[in-house]
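S.K.: My structure is in data.cif, and what it holds is mmCIF, C-alpha atoms (C1' of nucleotides):
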data_run
#
loop_
_atom_site.label_atom_id
_atom_site.label_comp_id
_atom_site.auth_asym_id
_atom_site.auth_seq_id
_atom_site.Cartn_x
_atom_site.Cartn_y
_atom_site.Cartn_z
CA MET A 1 7.23 18.26 2.96
CA SER A 2 10.26 19.56 1.17
CA THR A 3 13.65 18.45 2.18
CA ARG A 4 16.99 19.96 3.00
CA ASP A 5 18.80 16.70 2.31
CA THR A 6 21.50 16.44 4.90
CA GLY A 7 22.20 12.95 3.64
CA THR A 8 21.12 11.50 6.96
CA GLU A 9 18.23 9.50 5.59
CA GLN A 10 20.43 7.84 3.00
CA LEU A 11 23.19 7.36 5.58
CA ILE A 12 20.84 5.46 7.86
CA LYS A 13 19.61 3.32 5.00
CA ASP A 14 23.13 2.57 3.80
CA THR A 15 24.29 1.74 7.30
CA ALA A 16 21.37 -0.59 7.84
CA LYS A 17 22.07 -2.23 4.51
CA HIS A 18 25.69 -2.74 5.50
CA LEU A 19 24.82 -4.16 8.91
CA PHE A 20 22.20 -6.48 7.46
CA PHE A 21 23.88 -7.69 4.29
CA ALA A 22 27.60 -7.26 4.79
CA GLU A 23 27.89 -8.08 8.48
CA GLY A 24 24.94 -10.44 8.78
CA LYS A 25 23.46 -8.56 11.74
CA LEU A 26 19.92 -9.26 10.67
CA HIS A 27 18.44 -8.21 13.98
CA ALA A 28 20.36 -5.03 14.66
CA THR A 29 18.34 -2.73 16.93
CA THR A 30 17.58 0.85 16.02
CA GLN A 31 20.19 1.87 18.56
CA GLU A 32 22.84 -0.29 16.92
CA ILE A 33 21.97 1.07 13.49
CA ALA A 34 22.05 4.65 14.76
CA ASP A 35 25.38 4.08 16.52
CA ALA A 36 26.91 2.54 13.42
CA ALA A 37 25.70 5.52 11.42
CA GLY A 38 26.88 7.93 14.09
CA VAL A 39 23.50 9.61 14.43
CA ASN A 40 20.87 9.98 17.14
CA ARG A 41 18.57 6.99 17.38
CA THR A 42 15.48 9.19 17.18
CA LEU A 43 16.37 10.07 13.61
CA VAL A 44 15.50 6.54 12.58
CA ASN A 45 11.96 7.28 13.68
CA TYR A 46 12.03 10.77 12.22
CA TYR A 47 12.90 9.54 8.75
CA PHE A 48 11.27 6.12 8.71
CA ARG A 49 8.59 6.33 11.43
CA SER A 50 9.29 2.82 12.64
CA ARG A 51 11.97 0.19 12.57
CA ASP A 52 9.74 -2.09 10.51
CA ILE A 53 9.35 0.51 7.77
CA LEU A 54 13.11 1.02 7.56
CA PHE A 55 13.49 -2.74 7.51
CA ASP A 56 10.98 -3.21 4.69
CA GLN A 57 12.41 -0.36 2.68
CA VAL A 58 15.98 -1.66 2.86
CA PHE A 59 14.78 -5.16 2.13
CA THR A 60 12.68 -4.20 -0.87
CA GLU A 61 15.32 -1.97 -2.40
CA ALA A 62 17.98 -4.63 -1.95
CA GLN A 63 15.81 -7.34 -3.42
CA GLU A 64 14.73 -5.25 -6.38
CA GLY A 65 18.26 -4.07 -7.02
CA PHE A 66 19.59 -7.58 -7.03
CA VAL A 67 16.80 -8.92 -9.20
CA CYS A 68 17.24 -6.10 -11.70
CA THR A 69 20.94 -6.77 -11.98
CA LEU A 70 20.27 -10.43 -12.69
CA ASP A 71 17.46 -9.65 -15.11
CA GLU A 72 19.80 -7.55 -17.20
CA VAL A 73 22.07 -10.53 -17.57
CA PHE A 74 19.26 -12.98 -18.27
CA GLU A 75 17.63 -10.75 -20.86
CA SER A 76 20.80 -9.83 -22.69
CA LYS A 77 20.94 -11.34 -26.15
CA MET A 78 24.37 -12.91 -25.97
CA PRO A 79 25.18 -16.52 -26.72
CA PHE A 80 24.26 -18.88 -23.89
CA LYS A 81 27.76 -19.72 -22.73
CA GLU A 82 28.72 -16.09 -22.62
CA LYS A 83 25.56 -15.29 -20.72
CA ILE A 84 26.42 -17.85 -18.10
CA ARG A 85 29.97 -16.58 -17.82
CA ASN A 86 28.55 -13.11 -17.35
CA LEU A 87 26.04 -14.32 -14.79
CA ILE A 88 28.75 -16.01 -12.74
CA SER A 89 30.87 -12.89 -12.83
CA VAL A 90 28.06 -10.52 -11.85
CA PHE A 91 26.61 -12.82 -9.25
CA ILE A 92 29.91 -13.43 -7.50
CA LYS A 93 30.81 -9.76 -7.55
CA GLU A 94 27.48 -8.80 -6.00
CA THR A 95 27.60 -11.59 -3.48
CA ALA A 96 31.14 -10.79 -2.41
CA GLN A 97 29.97 -7.28 -1.58
CA TYR A 98 26.86 -8.35 0.33
CA PRO A 99 27.34 -12.00 1.30
CA PHE A 100 24.25 -12.11 3.51
CA ARG A 101 21.80 -10.47 1.17
CA GLN A 102 20.37 -13.67 -0.28
CA LEU A 103 20.24 -15.30 3.10
CA PHE A 104 18.34 -12.28 4.28
CA ILE A 105 15.94 -12.43 1.36
CA ILE A 106 15.38 -16.13 1.95
CA THR A 107 14.83 -15.71 5.68
CA GLU A 108 12.43 -12.91 5.00
CA MET A 109 10.57 -14.90 2.33
CA ASN A 110 10.29 -17.76 4.72
CA ARG A 111 8.81 -15.49 7.36
CA ASN A 112 6.15 -14.32 4.98
CA VAL A 113 5.96 -16.12 1.66
CA ASP A 114 2.57 -14.60 0.88
CA ILE A 115 3.86 -11.06 0.65
CA HIS A 116 7.12 -11.56 -1.17
CA GLY A 117 6.16 -14.44 -3.40
CA LYS A 118 3.24 -12.67 -5.07
CA LYS A 119 4.65 -10.95 -8.11
CA SER A 120 6.50 -14.09 -9.05
CA ARG A 121 9.01 -14.28 -11.82
CA HIS A 122 7.55 -17.37 -13.41
CA LYS A 123 7.74 -16.09 -16.96
CA LYS A 124 11.34 -14.99 -16.87
CA VAL A 125 12.43 -18.16 -15.14
CA LYS A 126 10.54 -20.27 -17.63
CA LEU A 127 12.09 -18.38 -20.52
CA PHE A 128 15.59 -18.98 -19.23
CA MET A 129 14.86 -22.63 -18.51
CA GLU A 130 13.73 -23.10 -22.09
CA GLU A 131 17.02 -21.65 -23.16
CA VAL A 132 18.73 -24.15 -20.89
CA GLU A 133 16.79 -27.02 -22.42
CA ASP A 134 17.77 -25.90 -25.91
CA GLU A 135 21.41 -26.09 -24.89
CA MET A 136 20.86 -29.56 -23.50
CA ASN A 137 19.35 -30.66 -26.79
CA LYS A 138 22.27 -29.11 -28.62
CA GLY A 139 24.59 -31.08 -26.37
CA THR A 140 26.27 -28.06 -24.82
CA LEU A 141 24.90 -29.02 -21.41
CA LYS A 142 24.53 -32.38 -19.74
CA LYS A 143 20.87 -33.41 -19.95
CA MET A 144 18.94 -33.07 -16.72
CA ASP A 145 15.86 -31.44 -15.25
CA PRO A 146 16.50 -27.76 -16.00
CA ARG A 147 15.41 -26.93 -12.47
CA GLN A 148 18.25 -29.07 -11.19
CA PHE A 149 20.57 -27.15 -13.48
CA MET A 150 19.40 -23.88 -11.96
CA LEU A 151 19.84 -25.26 -8.45
CA ASN A 152 23.34 -26.44 -9.29
CA LEU A 153 24.35 -23.14 -10.78
CA PHE A 154 23.06 -20.95 -7.96
CA SER A 155 24.26 -23.32 -5.27
CA LEU A 156 27.79 -23.29 -6.62
CA MET A 157 27.80 -19.51 -6.81
CA ALA A 158 26.05 -18.54 -3.60
CA HIS A 159 26.75 -21.08 -0.93
CA PRO A 160 30.51 -20.60 -0.46
CA PHE A 161 29.77 -17.01 0.53
CA LEU A 162 27.13 -17.94 3.06
CA THR A 163 29.45 -20.47 4.63
CA ALA A 164 32.56 -18.33 4.42
CA PRO A 165 33.15 -18.04 8.18
CA LEU A 166 32.84 -21.79 8.56
CA HIS A 167 35.17 -22.60 5.71
CA LYS A 168 37.74 -19.99 6.69
CA VAL A 169 38.07 -21.85 9.97
CA LEU A 170 38.01 -25.33 8.43
CA PHE A 171 40.58 -24.45 5.79
CA GLY A 172 42.56 -22.12 8.03
CA MET A 173 42.36 -19.22 5.62
CA ASN A 174 42.24 -15.47 6.18
CA ASP A 175 39.88 -13.08 4.41
CA GLU A 176 42.24 -12.31 1.58
CA GLU A 177 43.03 -15.95 0.85
CA TYR A 178 39.36 -16.80 0.85
CA ALA A 179 38.65 -13.91 -1.53
CA THR A 180 41.20 -15.35 -3.92
CA LEU A 181 39.58 -18.75 -3.66
CA MET A 182 36.25 -17.14 -4.57
CA GLU A 183 37.82 -15.36 -7.51
CA ASP A 184 39.18 -18.67 -8.78
CA ARG A 185 35.72 -20.16 -8.50
CA LYS A 186 34.42 -18.18 -11.45
CA GLN A 187 36.36 -20.28 -13.90
CA LEU A 188 35.83 -23.46 -11.94
CA ILE A 189 32.05 -23.10 -11.86
CA TYR A 190 32.06 -22.44 -15.57
CA GLU A 191 34.01 -25.63 -16.15
CA THR A 192 31.77 -27.61 -13.83
CA ILE A 193 28.68 -26.42 -15.66
CA PHE A 194 30.16 -27.02 -19.12
CA PRO A 195 32.19 -30.20 -18.74
CA MET B 1 18.71 -32.36 42.54
CA SER B 2 16.93 -35.51 41.55
CA THR B 3 14.29 -35.44 38.91
CA ARG B 4 10.83 -36.74 38.37
CA ASP B 5 11.18 -36.48 34.61
CA THR B 6 7.85 -35.31 33.29
CA GLY B 7 9.45 -35.01 29.88
CA THR B 8 8.90 -31.28 29.93
CA GLU B 9 12.56 -30.34 29.75
CA GLN B 10 13.10 -32.50 26.68
CA LEU B 11 9.83 -31.27 25.17
CA ILE B 12 10.98 -27.67 25.44
CA LYS B 13 14.34 -28.50 23.91
CA ASP B 14 12.77 -30.47 21.07
CA THR B 15 10.27 -27.73 20.39
CA ALA B 16 12.98 -25.11 20.32
CA LYS B 17 15.01 -27.29 18.00
CA HIS B 18 12.04 -27.65 15.69
CA LEU B 19 11.28 -23.93 15.68
CA PHE B 20 14.91 -23.03 15.09
CA PHE B 21 15.96 -25.67 12.58
CA ALA B 22 12.82 -26.88 10.87
CA GLU B 23 10.83 -23.64 10.72
CA GLY B 24 13.73 -21.21 10.59
CA LYS B 25 12.39 -19.12 13.48
CA LEU B 26 15.83 -18.31 14.75
CA HIS B 27 14.60 -15.56 17.02
CA ALA B 28 11.58 -17.18 18.58
CA THR B 29 10.84 -15.66 21.99
CA THR B 30 10.50 -17.76 25.12
CA GLN B 31 6.76 -17.20 24.88
CA GLU B 32 6.63 -18.54 21.34
CA ILE B 33 8.69 -21.57 22.30
CA ALA B 34 6.49 -22.24 25.33
CA ASP B 35 3.32 -21.83 23.27
CA ALA B 36 4.57 -24.21 20.61
CA ALA B 37 5.42 -26.72 23.32
CA GLY B 38 2.09 -26.13 25.05
CA VAL B 39 3.66 -25.31 28.39
CA ASN B 40 3.87 -22.32 30.67
CA ARG B 41 6.58 -19.87 29.69
CA THR B 42 8.05 -19.85 33.17
CA LEU B 43 9.10 -23.47 32.70
CA VAL B 44 11.70 -22.34 30.22
CA ASN B 45 13.33 -20.43 33.05
CA TYR B 46 12.73 -23.23 35.52
CA TYR B 47 14.57 -25.78 33.42
CA PHE B 48 17.13 -23.62 31.62
CA ARG B 49 17.45 -20.52 33.84
CA SER B 50 17.64 -18.20 30.85
CA ARG B 51 16.78 -18.09 27.20
CA ASP B 52 20.45 -17.83 26.30
CA ILE B 53 21.27 -21.07 28.07
CA LEU B 54 18.48 -22.92 26.28
CA PHE B 55 19.69 -21.38 23.07
CA ASP B 56 23.31 -22.45 23.61
CA GLN B 57 22.31 -25.92 24.69
CA VAL B 58 20.14 -26.55 21.64
CA PHE B 59 22.77 -25.06 19.41
CA THR B 60 25.64 -27.08 20.83
CA GLU B 61 23.74 -30.36 20.81
CA ALA B 62 22.59 -29.80 17.26
CA GLN B 63 26.04 -28.90 16.06
CA GLU B 64 27.70 -31.82 17.79
CA GLY B 65 25.06 -34.24 16.60
CA PHE B 66 25.45 -33.15 13.03
CA VAL B 67 29.24 -33.18 13.15
CA CYS B 68 29.24 -36.66 14.68
CA THR B 69 26.97 -37.99 11.98
CA LEU B 70 29.27 -36.62 9.31
CA ASP B 71 32.39 -37.86 11.09
CA GLU B 72 31.07 -41.38 11.05
CA VAL B 73 30.77 -41.19 7.30
CA PHE B 74 34.15 -39.55 6.80
CA GLU B 75 35.96 -42.02 9.05
CA SER B 76 34.34 -45.12 7.64
CA LYS B 77 36.79 -47.25 5.69
CA MET B 78 34.77 -47.72 2.53
CA PRO B 79 36.00 -46.98 -0.97
CA PHE B 80 35.97 -43.28 -1.82
CA LYS B 81 33.09 -43.29 -4.27
CA GLU B 82 30.93 -45.24 -1.88
CA LYS B 83 31.86 -42.89 0.91
CA ILE B 84 30.71 -39.94 -1.15
CA ARG B 85 27.47 -41.65 -2.09
CA ASN B 86 26.92 -42.32 1.57
CA LEU B 87 27.76 -38.75 2.51
CA ILE B 88 25.28 -37.37 0.01
CA SER B 89 22.58 -39.67 1.28
CA VAL B 90 23.15 -38.91 4.95
CA PHE B 91 23.63 -35.21 4.43
CA ILE B 92 20.47 -34.78 2.39
CA LYS B 93 18.45 -36.85 4.80
CA GLU B 94 19.60 -34.77 7.76
CA THR B 95 19.17 -31.51 5.91
CA ALA B 96 15.69 -32.38 4.75
CA GLN B 97 14.70 -32.88 8.37
CA TYR B 98 16.31 -29.67 9.64
CA PRO B 99 16.84 -27.42 6.62
CA PHE B 100 17.86 -24.40 8.70
CA ARG B 101 20.33 -26.08 10.97
CA GLN B 102 23.42 -25.25 8.98
CA LEU B 103 22.22 -21.73 8.37
CA PHE B 104 21.75 -21.43 12.10
CA ILE B 105 25.22 -22.78 12.81
CA ILE B 106 26.71 -20.40 10.27
CA THR B 107 24.85 -17.39 11.61
CA GLU B 108 25.91 -18.29 15.10
CA MET B 109 29.53 -18.82 14.05
CA ASN B 110 29.48 -15.47 12.36
CA ARG B 111 28.21 -13.83 15.51
CA ASN B 112 31.04 -15.28 17.53
CA VAL B 113 33.75 -17.02 15.55
CA ASP B 114 36.09 -17.09 18.54
CA ILE B 115 33.93 -19.40 20.59
CA HIS B 116 32.78 -21.86 17.99
CA GLY B 117 35.87 -21.94 15.82
CA LYS B 118 38.25 -22.98 18.58
CA LYS B 119 38.28 -26.75 18.59
CA SER B 120 38.68 -26.76 14.87
CA ARG B 121 38.48 -29.86 12.76
CA HIS B 122 41.63 -29.15 10.82
CA LYS B 123 43.02 -32.66 11.08
CA LYS B 124 39.92 -34.49 9.92
CA VAL B 125 39.36 -32.04 7.10
CA LYS B 126 42.97 -32.35 6.00
CA LEU B 127 42.74 -36.12 6.10
CA PHE B 128 39.69 -36.14 3.87
CA MET B 129 41.21 -33.63 1.50
CA GLU B 130 44.24 -35.84 1.09
CA GLU B 131 41.90 -38.64 0.19
CA VAL B 132 40.33 -36.32 -2.37
CA GLU B 133 43.71 -35.48 -3.85
CA ASP B 134 44.54 -39.17 -4.16
CA GLU B 135 41.39 -39.69 -6.19
CA MET B 136 42.32 -36.75 -8.40
CA ASN B 137 45.70 -38.30 -9.05
CA LYS B 138 44.04 -41.62 -9.80
CA GLY B 139 41.81 -39.77 -12.28
CA THR B 140 38.55 -40.57 -10.52
CA LEU B 141 38.00 -36.88 -9.88
CA LYS B 142 38.60 -33.86 -12.05
CA LYS B 143 41.76 -32.15 -10.84
CA MET B 144 41.22 -28.98 -8.85
CA ASP B 145 42.00 -27.35 -5.53
CA PRO B 146 40.56 -29.89 -3.07
CA ARG B 147 39.03 -27.03 -1.13
CA GLN B 148 37.06 -26.12 -4.23
CA PHE B 149 35.93 -29.73 -4.43
CA MET B 150 34.67 -29.54 -0.85
CA LEU B 151 32.89 -26.26 -1.55
CA ASN B 152 31.25 -27.74 -4.64
CA LEU B 153 30.10 -30.83 -2.84
CA PHE B 154 28.60 -29.08 0.16
CA SER B 155 27.11 -26.30 -1.91
CA LEU B 156 25.29 -28.75 -4.15
CA MET B 157 23.93 -30.63 -1.16
CA ALA B 158 23.02 -27.84 1.23
CA HIS B 159 21.98 -24.78 -0.71
CA PRO B 160 18.80 -26.07 -2.36
CA PHE B 161 17.38 -26.65 1.11
CA LEU B 162 18.24 -23.18 2.33
CA THR B 163 16.63 -21.65 -0.71
CA ALA B 164 13.67 -23.99 -0.80
CA PRO B 165 10.99 -21.33 -0.20
CA LEU B 166 12.43 -19.17 -2.96
CA HIS B 167 12.65 -22.00 -5.46
CA LYS B 168 9.24 -23.38 -4.65
CA VAL B 169 7.85 -20.03 -5.70
CA LEU B 170 10.08 -19.65 -8.75
CA PHE B 171 9.37 -23.15 -9.99
CA GLY B 172 5.77 -23.18 -8.84
CA MET B 173 6.17 -26.37 -6.83
CA ASN B 174 4.51 -27.57 -3.65
CA ASP B 175 6.33 -29.19 -0.73
CA GLU B 176 5.91 -32.72 -1.99
CA GLU B 177 7.14 -31.95 -5.48
CA TYR B 178 10.14 -30.15 -4.09
CA ALA B 179 10.91 -33.10 -1.83
CA THR B 180 10.95 -35.36 -4.87
CA LEU B 181 13.28 -32.95 -6.62
CA MET B 182 15.60 -33.15 -3.62
CA GLU B 183 15.45 -36.93 -3.63
CA ASP B 184 16.44 -36.95 -7.30
CA ARG B 185 19.38 -34.72 -6.48
CA LYS B 186 21.24 -37.50 -4.71
CA GLN B 187 22.02 -39.26 -7.96
CA LEU B 188 22.50 -36.02 -9.83
CA ILE B 189 25.09 -34.68 -7.39
CA TYR B 190 26.93 -37.97 -7.56
CA GLU B 191 27.06 -37.71 -11.34
CA THR B 192 28.14 -34.09 -11.22
CA ILE B 193 30.98 -34.93 -8.85
CA PHE B 194 32.08 -37.99 -10.82
CA PRO B 195 31.62 -37.02 -14.46
"C1'" DC C 1 -2.85 -40.31 55.42
"C1'" DT C 2 0.83 -37.06 55.87
"C1'" DT C 3 5.11 -35.42 54.42
"C1'" DT C 4 8.42 -34.47 51.23
"C1'" DT C 5 10.07 -32.89 47.04
"C1'" DG C 6 9.98 -31.78 42.55
"C1'" DT C 7 6.80 -29.45 39.14
"C1'" DT C 8 3.67 -25.96 37.45
"C1'" DT C 9 1.36 -21.61 37.64
"C1'" DA C 10 0.21 -16.65 38.03
"C1'" DA C 11 1.61 -12.27 39.53
"C1'" DC C 12 5.16 -9.25 39.74
"C1'" DA C 13 9.67 -6.86 38.73
"C1'" DA C 14 13.48 -5.79 35.71
"C1'" DA C 15 15.54 -5.07 31.41
"C1'" DT C 16 15.45 -4.07 26.67
"C1'" DT C 17 13.72 -1.97 22.74
"C1'" DT C 18 10.71 1.08 20.41
"C1'" DG C 19 8.01 5.23 19.66
"C1'" DT C 20 6.56 10.21 20.87
"C1'" DC C 21 7.09 14.95 21.88
"C1'" DA C 22 8.60 19.44 22.79
"C1'" DA C 23 12.50 22.17 22.73
"C1'" DA C 24 16.98 23.34 20.72
"C1'" DC C 25 19.38 23.94 16.64
"C1'" DT C 26 20.66 25.28 11.81
"C1'" DA C 27 20.57 26.80 7.27
"C1'" DA C 28 17.97 29.08 3.78
"C1'" DA C 29 14.32 32.57 2.71
"C1'" DA C 30 12.21 36.94 3.41
"C1'" DT D 1 18.56 40.44 10.81
"C1'" DT D 2 14.48 38.13 11.50
"C1'" DT D 3 11.62 34.54 10.08
"C1'" DT D 4 10.64 30.12 8.54
"C1'" DA D 5 10.96 25.34 7.99
"C1'" DG D 6 13.39 21.35 8.18
"C1'" DT D 7 16.65 18.80 11.30
"C1'" DT D 8 18.56 17.09 15.58
"C1'" DT D 9 18.44 16.13 20.39
"C1'" DG D 10 17.20 14.54 25.11
"C1'" DA D 11 13.58 13.31 28.14
"C1'" DC D 12 9.82 10.64 28.60
"C1'" DA D 13 6.18 6.98 27.73
"C1'" DA D 14 4.76 2.62 25.81
"C1'" DA D 15 5.48 -1.94 24.39
"C1'" DT D 16 7.87 -6.15 24.42
"C1'" DT D 17 10.58 -9.60 26.34
"C1'" DT D 18 12.90 -11.69 30.05
"C1'" DG D 19 13.69 -13.21 34.81
"C1'" DT D 20 12.05 -13.96 39.83
"C1'" DT D 21 9.19 -15.35 43.53
"C1'" DA D 22 5.77 -17.34 46.29
"C1'" DA D 23 2.06 -20.16 46.29
"C1'" DA D 24 -0.61 -24.04 44.28
"C1'" DC D 25 -0.24 -28.61 42.69
"C1'" DA D 26 0.95 -33.60 42.11
"C1'" DA D 27 3.33 -37.75 42.73
"C1'" DA D 28 6.39 -40.63 45.35
"C1'" DA D 29 8.21 -41.74 50.11
"C1'" DG D 30 7.48 -42.42 54.83
#
Take the structure in this file and express it as structure tokens.

M.R.:
Amino acid sequence: MSTRDTGTEQLIKDTAKHLFFAEGKLHATTQEIADAAGVNRTLVNYYFRSRDILFDQVFTEAQEGFVCTLDEVFESKMPFKEKIRNLISVFIKETAQYPFRQLFIITEMNRNVDIHGKKSRHKKVKLFMEEVEDEMNKGTLKKMDPRQFMLNLFSLMAHPFLTAPLHKVLFGMNDEEYATLMEDRKQLIYETIFP
Amino acid sequence: MSTRDTGTEQLIKDTAKHLFFAEGKLHATTQEIADAAGVNRTLVNYYFRSRDILFDQVFTEAQEGFVCTLDEVFESKMPFKEKIRNLISVFIKETAQYPFRQLFIITEMNRNVDIHGKKSRHKKVKLFMEEVEDEMNKGTLKKMDPRQFMLNLFSLMAHPFLTAPLHKVLFGMNDEEYATLMEDRKQLIYETIFP
DNA sequence: CTTTTGTTTAACAAATTTGTCAAACTAAAA
DNA sequence: TTTTAGTTTGACAAATTTGTTAAACAAAAG
């Protein structure tokens, strides 16, 4: 079937992505998605057949997009420290845009590990962890289980975004102030990682 | 209305708590909750009138319980370093039992910040942050925005539990191995915080 | 033993959400 | 302009989830 491309299909997908990942409405109904997109609800079925298919499509594209972005950083041939600085920058930028994306991916993985865990990234992870170990031997990094290093790094980057609403209240900050705090974190994380 | 206490009400609440916080099934239906508890679905309505009320009750109790546990640690009059060691221990123990609790609290807060953000904990947070600043002045802690210190601390403790399914796959670990990794983190976080 | 009262159950009703279909619409092709 | 084919819409049907009710049941009180 050829297409006239009114942009509606993409609009629905983008709107769903925004609801899911930017607003955290992981269980938005087709009606809510359609309303947010300003289109008739039936169009969700017309373009995606079912809510589940739309769901899976948005999820898969988001996951793959995110993973690709990170892979580029990991596979780049820059010096380790620069790579990490780059990773922090990219990761925080992406996460600021879609704070709930990782949470969504995790929730989804948890719901069905079998499906999403299959084509695992063992090799790439292992490769990076070897790089980490090299740096530890060189003395650039504090010696520890490289898996702990990975956990530290990603925790420091990701978690403040997941808990943003909580911390805005606790610290009495508005959105803008919190964004500044997150911007400042780039340098801070770098310094925490490389003492 | 007096009660004969067959333990059913508590059973339903406990089961819901387990589904929500231990298994991450944040949107379990009344049927799923009843099945998991091994009781008739109608009993959910009998004891709690509606799903929402059960939901709110479990949520509130869980939140308050967790906050109380943390408050005890924060308000204890031990030396700072010991307090932190204690916090790490308690926090990780609680989180290991109910990995999804915080995520649940955050999601819920995000859905309705007005309700849950009201009776804020400004004072207690401020008090602890002053304590943190003292330690920075004494040189025990690396100098930084105390809010960043808080973010670091809680990120390092909480996030590896939220992302457990993901990391088990990435690292190729089973539940037991991951639990050991989490146990080892206690000391590691302590060392990361106090370099 | 009978009554009382709280508990449990199944059947039913209501509400919500999702999916289907035919008709109306619109822009490009003939 | 008419035709064609993709798009949009509203009405309807199906599926899922939730809430209610009356009757069955069980344990304590009389």

S.K.: With a cut-off of 7 Å, could you pull out the residues of chain B touching chain A and give me the nearest pair of atoms for each, distance in Å to one decimal, using only C-alpha atoms, ordered by chain and ascending number, as JSON lines?

M.R.:
{"residue": "B:Ile106", "atom": "CA", "partner": "A:Thr163", "partner_atom": "CA", "distance": 6.3}
{"residue": "B:Met109", "atom": "CA", "partner": "A:Pro165", "partner_atom": "CA", "distance": 6.9}
{"residue": "B:Asn110", "atom": "CA", "partner": "A:Pro165", "partner_atom": "CA", "distance": 6.1}
{"residue": "B:Gly117", "atom": "CA", "partner": "A:Val169", "partner_atom": "CA", "distance": 6.3}
{"residue": "B:Ser120", "atom": "CA", "partner": "A:Leu170", "partner_atom": "CA", "distance": 6.6}
{"residue": "B:Arg121", "atom": "CA", "partner": "A:Leu170", "partner_atom": "CA", "distance": 6.3}
{"residue": "B:His122", "atom": "CA", "partner": "A:Leu170", "partner_atom": "CA", "distance": 5.8}
{"residue": "B:Val125", "atom": "CA", "partner": "A:Leu170", "partner_atom": "CA", "distance": 7.0}
{"residue": "B:Leu151", "atom": "CA", "partner": "A:Pro160", "partner_atom": "CA", "distance": 6.2}
{"residue": "B:Asn152", "atom": "CA", "partner": "A:Leu156", "partner_atom": "CA", "distance": 6.0}
{"residue": "B:Ser155", "atom": "CA", "partner": "A:Ser155", "partner_atom": "CA", "distance": 5.3}
{"residue": "B:Leu156", "atom": "CA", "partner": "A:Ser155", "partner_atom": "CA", "distance": 5.6}
{"residue": "B:His159", "atom": "CA", "partner": "A:Ser155", "partner_atom": "CA", "distance": 5.3}
{"residue": "B:Pro160", "atom": "CA", "partner": "A:Leu151", "partner_atom": "CA", "distance": 6.2}
{"residue": "B:Thr163", "atom": "CA", "partner": "A:Ile106", "partner_atom": "CA", "distance": 6.3}
{"residue": "B:Pro165", "atom": "CA", "partner": "A:Asn110", "partner_atom": "CA", "distance": 6.1}
{"residue": "B:Leu166", "atom": "CA", "partner": "A:Ile106", "partner_atom": "CA", "distance": 6.5}
{"residue": "B:Val169", "atom": "CA", "partner": "A:Gly117", "partner_atom": "CA", "distance": 6.3}
{"residue": "B:Leu170", "atom": "CA", "partner": "A:His122", "partner_atom": "CA", "distance": 5.8}
{"residue": "B:Phe171", "atom": "CA", "partner": "A:His122", "partner_atom": "CA", "distance": 7.0}

S.K.: Looking at all atoms listed in the file, which of A:Leu43, A:Ala22, A:Met78, A:Leu54 is the one that sits closest to chain D?

M.R.: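 Among the listed residues, the smallest separation from chain D belongs to A:Leu43.
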
S.K.: Residues of chain B within 10 Å of chain C, counting only C-alpha atoms (C1' of nucleotides) - could you list those as a PyMOL selection string?

M.R.: chain B and resi 1-6+8+39-43+46

S.K.: Would you give me, as a tab-separated table, each residue of chain D having an atom within 12 Å of an atom of chain B, along with its shortest atom pair and that distance in Å to one decimal, using all atoms listed in the file and sorting by chain and residue number?

M.R.:
residue	atom	partner	partner_atom	distance
D:DT16	C1'	B:Thr29	CA	10.3
D:DT17	C1'	B:Thr29	CA	7.5
D:DT18	C1'	B:Arg51	CA	8.0
D:DG19	C1'	B:Asn45	CA	7.4
D:DT20	C1'	B:Asn45	CA	9.5
D:DT21	C1'	B:Thr42	CA	11.4
D:DA26	C1'	B:Arg4	CA	11.0
D:DA27	C1'	B:Arg4	CA	8.7
D:DA28	C1'	B:Arg4	CA	9.1

S.K.: What are the centre and the three edge lengths of an axis-aligned box that wraps all atoms of segment 20-28 of chain D in the file, given that 8 Å is added to every side, written as lines of an AutoDock Vina configuration file and rounded to one decimal in Å?

M.R.:
center_x = 5.7
center_y = -27.3
center_z = 43.1
size_x = 28.7
size_y = 42.7
size_z = 22.5

S.K.: List the residues matched by the PyMOL selection byres ((chain B and resi 55-68) around 8) in the displayed structure as a ChimeraX atom specification, ordered by chain and then by residue number.

M.R.: /B:13,16-17,51-54,69-72,101,105

S.K.: Do you have the atom CA of Val44 of chain A-atom CA of Ile12 of chain A distance handy?

M.R.: 7.2 Å

S.K.: One decimal, Å: what's the distance from atom CA of Arg85 of chain A over to atom CA of Phe194 of chain A, could you say?

M.R.: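 For atom CA of Arg85 of chain A relative to atom CA of Phe194 of chain A, the distance reads 10.5 Å.
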
S.K.: What residues come out when you apply the PyMOL selection byres ((chain B and resi 132) around 10) to this file, written as number ranges by chain?

M.R.: B: 80, 126-131, 133-138, 140-141, 143-147, 149-150

S.K.: So how far away is atom CA of Ala179 of chain A from atom CA of Lys81 of chain A, in Å?

M.R.: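 Atom CA of Ala179 of chain A lies at a distance of 24.5 Å from atom CA of Lys81 of chain A.
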